[in-house]
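The block underneath contains the structure these notes are about, expressed in structure tokens.
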Amino acid sequence: MTTKLAVFDCDGTLVDGQADICDTMDAAYAALKITAPSRDDVRRIVGLSLPVAIRELSPRLSEDQVAGVTAAYKSAYFERRQKGLLNEPLYDGIAELLKDLRDAGWSLAVATGKSDRGLNAVLAAHGLTDLFVSLQTADRHPSKPHPAMLEAAIFEAGAQAADTVMIGDTSFDMQMSRAANVRAIGVAWGYHEPNELLATGAEFVARNVASLNEYLAGGQV
């Protein structure tokens, strides 16, 4: 029996964590008394694993400084979560989409630059944990666009690359899909522009959740 697998990115695809990410990045740089990158630049690296993102944002930092900002970010983000300050809302229609896909026979997974702790917390907060057969994070894999997360999700779901689609909002997701020989669908409500997604491998960019649902329901995968 064929397993149809839909693998989702998290930030910018399932949830809108942009404000929290930017605020926490500001705090992490401030903790080391380093000038923080612009928020526009931070938006561009959402989806990469944290140390890779910081090197991309600040290529002149030493390895010790990168490690310091990374540790400060993790600490600040955890503190915000403990104090109930995080706001990671689901995009409109996402919960219904996931349930519709599950009911239609899809297996669901996540491949994200978040940590295990961060991903588990946000899925639990929205009551979505039980919908997914595989959760892949930056804690156990190289950063996107390396295909390791996607390959692990396919293996754990008992699927094949030919029957899998990766759904994400950044060029990193599209490039990861190509590296894993998986079809890629972009979403227009995240952090990279639709033309970037198409240029890096998306076969389709959904303008909203309804159009994504229609595309998947149409037997395109």
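Please note that chains go A, B, ... in the order of the structure tokens, that every chain numbers its residues from 1, and that ligands are numbered from 1 in the order shown.
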
_Non-local contacts of stretch 182-187 of chain A (7 Å; only C-alpha atoms; under 5 positions in same chain excluded) as number ranges by chain_ = A: 13, 161-162, 164-169, 174, 177, 197, 201-207

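Every protein or nucleic acid residue with an atom no more than 8 Å from stretch 153-158 of chain A, counting only C-alpha atoms and leaving out same-chain residues fewer than 6 positions away, appears here: Thr3, Leu5, Val7, Ser107, Ala109, Val110, Ala111, Val133, Ser134, Leu135, Gln136 and Thr164 of chain A.
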
*as an MDAnalysis selection string, please: all residues of chain A that backbone DSSP puts in helix (DSSP H, G or I).*
chainID A and resid 18:31 39:45 50:57 63:82 94:103 116:125 129:131 148:157 161:163 171:179 194:199 209:217

Residues of stretch 144-184 of chain A that approach stretch 38-51 of chain A to 9 Å or less, counting only C-alpha atoms: could you list each one with the shortest pair of atoms and its distance in Å to one decimal, rows by chain and increasing residue number, as a Markdown table?
```
| residue | atom | partner | partner_atom | distance |
| --- | --- | --- | --- | --- |
| A:Lys144 | CA | A:Leu48 | CA | 5.7 |
| A:Pro145 | CA | A:Leu48 | CA | 8.0 |
| A:Asp169 | CA | A:Gly47 | CA | 8.8 |
| A:Thr170 | CA | A:Gly47 | CA | 7.3 |
| A:Phe172 | CA | A:Gly47 | CA | 7.1 |
| A:Asp173 | CA | A:Gly47 | CA | 7.9 |
```

All heavy atoms of the current selection, written as a PDB file, in the first residue's frame:
```pdb
ATOM      1  N   LYS A 144      19.002  22.582   7.162  1.00  0.00           N
ATOM      2  CA  LYS A 144      18.523  22.731   5.797  1.00  0.00           C
ATOM      3  C   LYS A 144      19.518  23.619   5.047  1.00  0.00           C
ATOM      4  O   LYS A 144      20.120  24.502   5.638  1.00  0.00           O
ATOM      5  CB  LYS A 144      17.141  23.401   5.773  1.00  0.00           C
ATOM      6  CG  LYS A 144      16.048  22.630   6.485  1.00  0.00           C
ATOM      7  CD  LYS A 144      14.752  23.458   6.508  1.00  0.00           C
ATOM      8  CE  LYS A 144      13.667  22.735   7.301  1.00  0.00           C
ATOM      9  NZ  LYS A 144      12.412  23.516   7.370  1.00  0.00           N
ATOM     10  N   PRO A 145      19.735  23.388   3.766  1.00  0.00           N
ATOM     11  CA  PRO A 145      18.988  22.505   2.856  1.00  0.00           C
ATOM     12  C   PRO A 145      19.511  21.066   2.758  1.00  0.00           C
ATOM     13  O   PRO A 145      19.153  20.364   1.826  1.00  0.00           O
ATOM     14  CB  PRO A 145      19.136  23.227   1.518  1.00  0.00           C
ATOM     15  CG  PRO A 145      20.483  23.874   1.595  1.00  0.00           C
ATOM     16  CD  PRO A 145      20.629  24.309   3.024  1.00  0.00           C
ATOM     17  N   ASP A 169       7.985  27.463   3.392  1.00  0.00           N
ATOM     18  CA  ASP A 169       7.886  28.876   3.006  1.00  0.00           C
ATOM     19  C   ASP A 169       9.209  29.485   2.585  1.00  0.00           C
ATOM     20  O   ASP A 169       9.249  30.671   2.242  1.00  0.00           O
ATOM     21  CB  ASP A 169       7.329  29.691   4.176  1.00  0.00           C
ATOM     22  CG  ASP A 169       8.314  29.761   5.328  1.00  0.00           C
ATOM     23  OD1 ASP A 169       8.651  28.701   5.894  1.00  0.00           O
ATOM     24  OD2 ASP A 169       8.778  30.875   5.649  1.00  0.00           O
ATOM     25  N   THR A 170      10.299  28.712   2.609  1.00  0.00           N
ATOM     26  CA  THR A 170      11.604  29.290   2.275  1.00  0.00           C
ATOM     27  C   THR A 170      12.306  28.507   1.169  1.00  0.00           C
ATOM     28  O   THR A 170      12.006  27.342   0.907  1.00  0.00           O
ATOM     29  CB  THR A 170      12.542  29.314   3.506  1.00  0.00           C
ATOM     30  OG1 THR A 170      12.931  27.977   3.836  1.00  0.00           O
ATOM     31  CG2 THR A 170      11.885  29.985   4.702  1.00  0.00           C
ATOM     32  N   PHE A 172      15.156  27.391   1.463  1.00  0.00           N
ATOM     33  CA  PHE A 172      15.860  26.276   2.103  1.00  0.00           C
ATOM     34  C   PHE A 172      15.024  25.002   2.032  1.00  0.00           C
ATOM     35  O   PHE A 172      15.547  23.901   1.831  1.00  0.00           O
ATOM     36  CB  PHE A 172      16.173  26.592   3.570  1.00  0.00           C
ATOM     37  CG  PHE A 172      16.726  27.972   3.798  1.00  0.00           C
ATOM     38  CD1 PHE A 172      16.149  28.824   4.724  1.00  0.00           C
ATOM     39  CD2 PHE A 172      17.815  28.429   3.072  1.00  0.00           C
ATOM     40  CE1 PHE A 172      16.640  30.097   4.938  1.00  0.00           C
ATOM     41  CE2 PHE A 172      18.323  29.707   3.275  1.00  0.00           C
ATOM     42  CZ  PHE A 172      17.729  30.546   4.211  1.00  0.00           C
ATOM     43  N   ASP A 173      13.702  25.141   2.203  1.00  0.00           N
ATOM     44  CA  ASP A 173      12.805  23.984   2.103  1.00  0.00           C
ATOM     45  C   ASP A 173      12.773  23.435   0.683  1.00  0.00           C
ATOM     46  O   ASP A 173      12.771  22.217   0.474  1.00  0.00           O
ATOM     47  CB  ASP A 173      11.390  24.376   2.532  1.00  0.00           C
ATOM     48  CG  ASP A 173      11.304  24.834   3.970  1.00  0.00           C
ATOM     49  OD1 ASP A 173      11.832  24.136   4.841  1.00  0.00           O
ATOM     50  OD2 ASP A 173      10.709  25.898   4.211  1.00  0.00           O
TER      51      ASP A 173
END
```

Could you list, with a cut-off of 10 Å and counting only C-alpha atoms, the residues of stretch 93-198 of chain A near stretch 72-83 of chain A, each shown with its nearest atom pair and the distance in Å rounded to one decimal, rows sorted by chain and ascending number, as a tab-separated table?
```
residue	atom	partner	partner_atom	distance
A:Ser115	CA	A:Lys74	CA	9.3
A:Arg117	CA	A:Phe78	CA	9.2
A:Gly118	CA	A:Phe78	CA	8.4
A:Ala121	CA	A:Arg81	CA	8.9
A:Val122	CA	A:Arg81	CA	9.9
```

Taking N, CA and C atoms for each residue, export the selection above as a compact mmCIF listing (two decimals), in the first residue's frame.
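Contents of the output file out_11.txt:
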```
# COMPACT_ATOMS: atom_id res chain seq x y z
N SER A 115 14.36 23.40 17.65
CA SER A 115 14.84 22.32 18.50
C SER A 115 13.71 21.34 18.78
N ARG A 117 12.69 20.54 21.74
CA ARG A 117 11.89 21.16 22.80
C ARG A 117 10.95 22.21 22.24
N GLY A 118 11.46 23.05 21.33
CA GLY A 118 10.64 24.10 20.76
C GLY A 118 9.50 23.55 19.91
N ALA A 121 6.84 21.80 22.08
CA ALA A 121 6.05 22.77 22.84
C ALA A 121 4.99 23.43 21.98
N VAL A 122 5.36 23.83 20.77
CA VAL A 122 4.38 24.54 19.95
C VAL A 122 3.29 23.60 19.44
```

*Can you work out the spacing between atom CA of A:Gln18 and atom CA of A:Ala138 in Å, to one decimal?*
17.9 Å

_List the spatial neighbours of A:Gly17 as a ChimeraX atom specification - criterion: any atom at most 12 Å away, only C-alpha atoms, same-chain residues fewer than 2 positions off excluded._
/A:10-15,19-24,42-43,46-47,77,85-91,114,118-119,122,190-191

Those selected residues, please, written with N, CA, C and O atoms and delivered as a CSV table (one decimal), in the first residue's frame.
```
chain,number,residue,atom,x,y,z
A,10,CYS,N,7.9,24.3,9.9
A,10,CYS,CA,7.1,24.8,11.1
A,10,CYS,C,6.9,26.4,11.0
A,10,CYS,O,5.9,26.9,10.6
A,11,ASP,N,8.0,27.1,11.4
A,11,ASP,CA,7.9,28.6,11.4
A,11,ASP,C,7.7,29.1,10.0
A,11,ASP,O,8.5,28.8,9.1
A,12,GLY,N,6.7,29.9,9.8
A,12,GLY,CA,6.4,30.5,8.5
A,12,GLY,C,5.5,29.6,7.6
A,12,GLY,O,5.1,30.1,6.6
A,13,THR,N,5.2,28.4,8.1
A,13,THR,CA,4.4,27.5,7.3
A,13,THR,C,3.2,27.1,8.2
A,13,THR,O,2.0,27.2,7.8
A,14,LEU,N,3.5,26.5,9.3
A,14,LEU,CA,2.4,26.1,10.3
A,14,LEU,C,2.1,27.2,11.2
A,14,LEU,O,0.9,27.5,11.5
A,15,VAL,N,3.1,27.9,11.8
A,15,VAL,CA,2.9,28.9,12.8
A,15,VAL,C,3.7,30.2,12.4
A,15,VAL,O,4.7,30.1,11.7
A,19,ALA,N,7.7,37.4,15.2
A,19,ALA,CA,8.0,38.4,16.2
A,19,ALA,C,8.8,37.9,17.3
A,19,ALA,O,9.8,38.5,17.8
A,20,ASP,N,8.5,36.6,17.8
A,20,ASP,CA,9.3,36.0,18.9
A,20,ASP,C,10.7,35.8,18.4
A,20,ASP,O,11.7,36.0,19.2
A,21,ILE,N,10.9,35.3,17.2
A,21,ILE,CA,12.3,35.0,16.7
A,21,ILE,C,13.1,36.3,16.7
A,21,ILE,O,14.2,36.4,17.1
A,22,CYS,N,12.5,37.4,16.1
A,22,CYS,CA,13.2,38.6,16.0
A,22,CYS,C,13.5,39.2,17.4
A,22,CYS,O,14.6,39.7,17.7
A,23,ASP,N,12.6,39.2,18.3
A,23,ASP,CA,12.8,39.7,19.7
A,23,ASP,C,13.9,38.9,20.4
A,23,ASP,O,14.7,39.5,21.1
A,24,THR,N,13.8,37.6,20.2
A,24,THR,CA,14.8,36.8,20.9
A,24,THR,C,16.2,37.0,20.3
A,24,THR,O,17.2,37.0,21.0
A,42,VAL,N,16.9,38.9,9.7
A,42,VAL,CA,16.5,37.8,10.5
A,42,VAL,C,15.4,37.0,9.9
A,42,VAL,O,15.4,35.7,9.9
A,43,ARG,N,14.4,37.6,9.3
A,43,ARG,CA,13.4,36.9,8.6
A,43,ARG,C,13.9,36.0,7.5
A,43,ARG,O,13.4,35.0,7.2
A,46,VAL,N,15.1,32.4,8.8
A,46,VAL,CA,14.2,31.5,9.6
A,46,VAL,C,14.2,30.2,8.8
A,46,VAL,O,13.9,30.2,7.6
A,47,GLY,N,14.4,29.1,9.5
A,47,GLY,CA,14.4,27.8,8.9
A,47,GLY,C,15.7,27.1,8.9
A,47,GLY,O,15.8,25.9,8.9
A,77,TYR,N,15.0,32.3,24.6
A,77,TYR,CA,13.8,31.8,24.1
A,77,TYR,C,13.1,30.9,25.1
A,77,TYR,O,11.9,30.9,25.3
A,85,LEU,N,5.5,34.2,27.4
A,85,LEU,CA,5.6,35.4,26.6
A,85,LEU,C,5.6,35.1,25.1
A,85,LEU,O,5.5,36.0,24.3
A,86,LEU,N,5.7,33.8,24.7
A,86,LEU,CA,5.8,33.5,23.3
A,86,LEU,C,4.4,33.5,22.7
A,86,LEU,O,3.4,33.2,23.3
A,87,ASN,N,4.4,34.0,21.5
A,87,ASN,CA,3.1,34.0,20.7
A,87,ASN,C,3.4,33.4,19.3
A,87,ASN,O,4.0,34.0,18.5
A,88,GLU,N,3.0,32.1,19.2
A,88,GLU,CA,3.3,31.4,18.0
A,88,GLU,C,2.0,30.9,17.4
A,88,GLU,O,1.7,29.7,17.4
A,89,PRO,N,1.1,31.8,16.9
A,89,PRO,CA,-0.2,31.4,16.4
A,89,PRO,C,-0.1,30.6,15.1
A,89,PRO,O,0.7,30.8,14.3
A,90,LEU,N,-1.1,29.6,15.0
A,90,LEU,CA,-1.2,28.9,13.8
A,90,LEU,C,-1.7,29.9,12.7
A,90,LEU,O,-2.5,30.8,13.0
A,91,TYR,N,-1.3,29.7,11.5
A,91,TYR,CA,-1.9,30.4,10.4
A,91,TYR,C,-3.3,30.0,10.2
A,91,TYR,O,-3.7,28.8,10.5
A,114,LYS,N,13.7,24.3,14.2
A,114,LYS,CA,13.5,24.4,15.6
A,114,LYS,C,14.2,23.2,16.3
A,114,LYS,O,14.6,22.2,15.7
A,118,GLY,N,11.5,23.0,21.3
A,118,GLY,CA,10.6,24.1,20.8
A,118,GLY,C,9.5,23.6,19.9
A,118,GLY,O,8.4,24.0,20.0
A,119,LEU,N,9.8,22.6,19.1
A,119,LEU,CA,8.8,22.0,18.2
A,119,LEU,C,7.7,21.3,19.1
A,119,LEU,O,6.5,21.5,18.9
A,122,VAL,N,5.4,23.8,20.8
A,122,VAL,CA,4.4,24.5,19.9
A,122,VAL,C,3.3,23.6,19.4
A,122,VAL,O,2.1,24.0,19.4
A,190,GLY,N,4.7,32.9,4.2
A,190,GLY,CA,5.8,32.8,5.1
A,190,GLY,C,6.9,33.9,4.9
A,190,GLY,O,6.5,35.1,4.6
A,191,TYR,N,8.2,33.5,4.9
A,191,TYR,CA,9.3,34.5,5.0
A,191,TYR,C,10.1,34.7,3.7
A,191,TYR,O,10.9,35.6,3.7
```

With only C-alpha atoms as the counted atoms, please give the residues lying no more than 9 Å from A:Lys4, apart from itself and same-chain residues fewer than 4 positions off, as an mmCIF file with all heavy atoms, in the first residue's frame.
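out_36.cif was written with the following content:
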```cif
data_model
loop_
_atom_site.group_PDB
_atom_site.id
_atom_site.type_symbol
_atom_site.label_atom_id
_atom_site.label_comp_id
_atom_site.auth_asym_id
_atom_site.auth_seq_id
_atom_site.Cartn_x
_atom_site.Cartn_y
_atom_site.Cartn_z
ATOM 1 N N GLY A 105 -6.165 10.187 4.402
ATOM 2 C CA GLY A 105 -5.209 9.092 4.284
ATOM 3 C C GLY A 105 -3.755 9.496 4.187
ATOM 4 O O GLY A 105 -2.892 8.635 3.984
ATOM 5 N N TRP A 106 -3.467 10.778 4.334
ATOM 6 C CA TRP A 106 -2.080 11.221 4.314
ATOM 7 C C TRP A 106 -1.400 10.922 5.646
ATOM 8 O O TRP A 106 -2.010 11.031 6.714
ATOM 9 C CB TRP A 106 -2.000 12.727 4.084
ATOM 10 C CG TRP A 106 -2.314 13.190 2.701
ATOM 11 C CD1 TRP A 106 -3.559 13.371 2.159
ATOM 12 C CD2 TRP A 106 -1.380 13.537 1.673
ATOM 13 N NE1 TRP A 106 -3.464 13.816 0.864
ATOM 14 C CE2 TRP A 106 -2.135 13.932 0.539
ATOM 15 C CE3 TRP A 106 0.009 13.569 1.609
ATOM 16 C CZ2 TRP A 106 -1.535 14.340 -0.651
ATOM 17 C CZ3 TRP A 106 0.605 13.985 0.423
ATOM 18 C CH2 TRP A 106 -0.163 14.354 -0.687
ATOM 19 N N SER A 107 -0.124 10.579 5.592
ATOM 20 C CA SER A 107 0.730 10.617 6.770
ATOM 21 C C SER A 107 1.374 12.001 6.808
ATOM 22 O O SER A 107 1.694 12.579 5.763
ATOM 23 C CB SER A 107 1.818 9.538 6.705
ATOM 24 O OG SER A 107 1.252 8.253 6.829
ATOM 25 N N LEU A 108 1.574 12.520 8.029
ATOM 26 C CA LEU A 108 2.073 13.882 8.195
ATOM 27 C C LEU A 108 3.356 13.884 9.014
ATOM 28 O O LEU A 108 3.519 13.087 9.945
ATOM 29 C CB LEU A 108 1.030 14.759 8.905
ATOM 30 C CG LEU A 108 -0.367 14.795 8.277
ATOM 31 C CD1 LEU A 108 -1.306 15.638 9.146
ATOM 32 C CD2 LEU A 108 -0.313 15.349 6.863
ATOM 33 N N ALA A 159 7.455 5.648 3.906
ATOM 34 C CA ALA A 159 7.052 6.168 2.602
ATOM 35 C C ALA A 159 8.201 6.063 1.606
ATOM 36 O O ALA A 159 9.283 5.557 1.918
ATOM 37 C CB ALA A 159 6.589 7.619 2.740
ATOM 38 N N GLN A 160 7.966 6.553 0.413
ATOM 39 C CA GLN A 160 8.985 6.658 -0.623
ATOM 40 C C GLN A 160 9.090 8.122 -1.046
ATOM 41 O O GLN A 160 8.106 8.868 -0.977
ATOM 42 C CB GLN A 160 8.619 5.795 -1.841
ATOM 43 C CG GLN A 160 8.478 4.312 -1.532
ATOM 44 C CD GLN A 160 9.795 3.677 -1.136
ATOM 45 O OE1 GLN A 160 10.858 4.034 -1.655
ATOM 46 N NE2 GLN A 160 9.736 2.723 -0.211
ATOM 47 N N ASP A 163 6.457 9.483 -3.338
ATOM 48 C CA ASP A 163 5.109 9.674 -2.797
ATOM 49 C C ASP A 163 5.077 10.721 -1.684
ATOM 50 O O ASP A 163 4.124 10.785 -0.903
ATOM 51 C CB ASP A 163 4.570 8.346 -2.258
ATOM 52 C CG ASP A 163 4.555 7.269 -3.318
ATOM 53 O OD1 ASP A 163 4.042 7.539 -4.422
ATOM 54 O OD2 ASP A 163 5.080 6.158 -3.051
ATOM 55 N N THR A 164 6.128 11.537 -1.634
ATOM 56 C CA THR A 164 6.286 12.531 -0.566
ATOM 57 C C THR A 164 6.298 13.926 -1.159
ATOM 58 O O THR A 164 6.810 14.150 -2.254
ATOM 59 C CB THR A 164 7.603 12.287 0.196
ATOM 60 O OG1 THR A 164 7.568 10.977 0.779
ATOM 61 C CG2 THR A 164 7.822 13.320 1.292
ATOM 62 N N VAL A 165 5.745 14.876 -0.398
ATOM 63 C CA VAL A 165 5.822 16.289 -0.766
ATOM 64 C C VAL A 165 6.294 17.066 0.455
ATOM 65 O O VAL A 165 5.909 16.775 1.582
ATOM 66 C CB VAL A 165 4.466 16.828 -1.270
ATOM 67 C CG1 VAL A 165 3.389 16.724 -0.213
ATOM 68 C CG2 VAL A 165 4.609 18.261 -1.763
ATOM 69 N N VAL A 221 -0.186 14.797 -6.000
ATOM 70 C CA VAL A 221 0.975 14.110 -5.428
ATOM 71 C C VAL A 221 0.686 12.620 -5.315
ATOM 72 O O VAL A 221 -0.408 12.260 -4.938
ATOM 73 C CB VAL A 221 1.314 14.683 -4.040
ATOM 74 C CG1 VAL A 221 2.491 13.943 -3.438
ATOM 75 C CG2 VAL A 221 1.620 16.153 -4.151
#
```

*From a DSSP calculation on the backbone, collect every residue of stretch 4-220 of chain A in strand (DSSP E) and output the set as a ChimeraX atom specification.*
/A:5-8,107-111,134-136,164-168,183-187,204-206

*Top pick for closest residue to A:Ala180, considering A:Glu214, A:Leu32, A:Thr129, A:Met149 and counting only C-alpha atoms*: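 Distance minimum relative to A:Ala180 lands on A:Met149.
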
*So how many Å separate atom CA of A:Arg178 and atom CA of A:Thr137, to one decimal?*
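Separation of atom CA of A:Arg178 and atom CA of A:Thr137: 18.6 Å.
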
*Using only C-alpha atoms, find the one residue out of A:Pro147, A:Ile34, A:Thr112, A:Lys99 that sits nearest to A:Leu131.*
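Looking only at the distances to A:Leu131, the closest residue turns out to be A:Lys99.
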
_Just the number, please: distance in Å from atom CA of A:Asp116 to atom CA of A:Thr70, one decimal._
15.6 Å
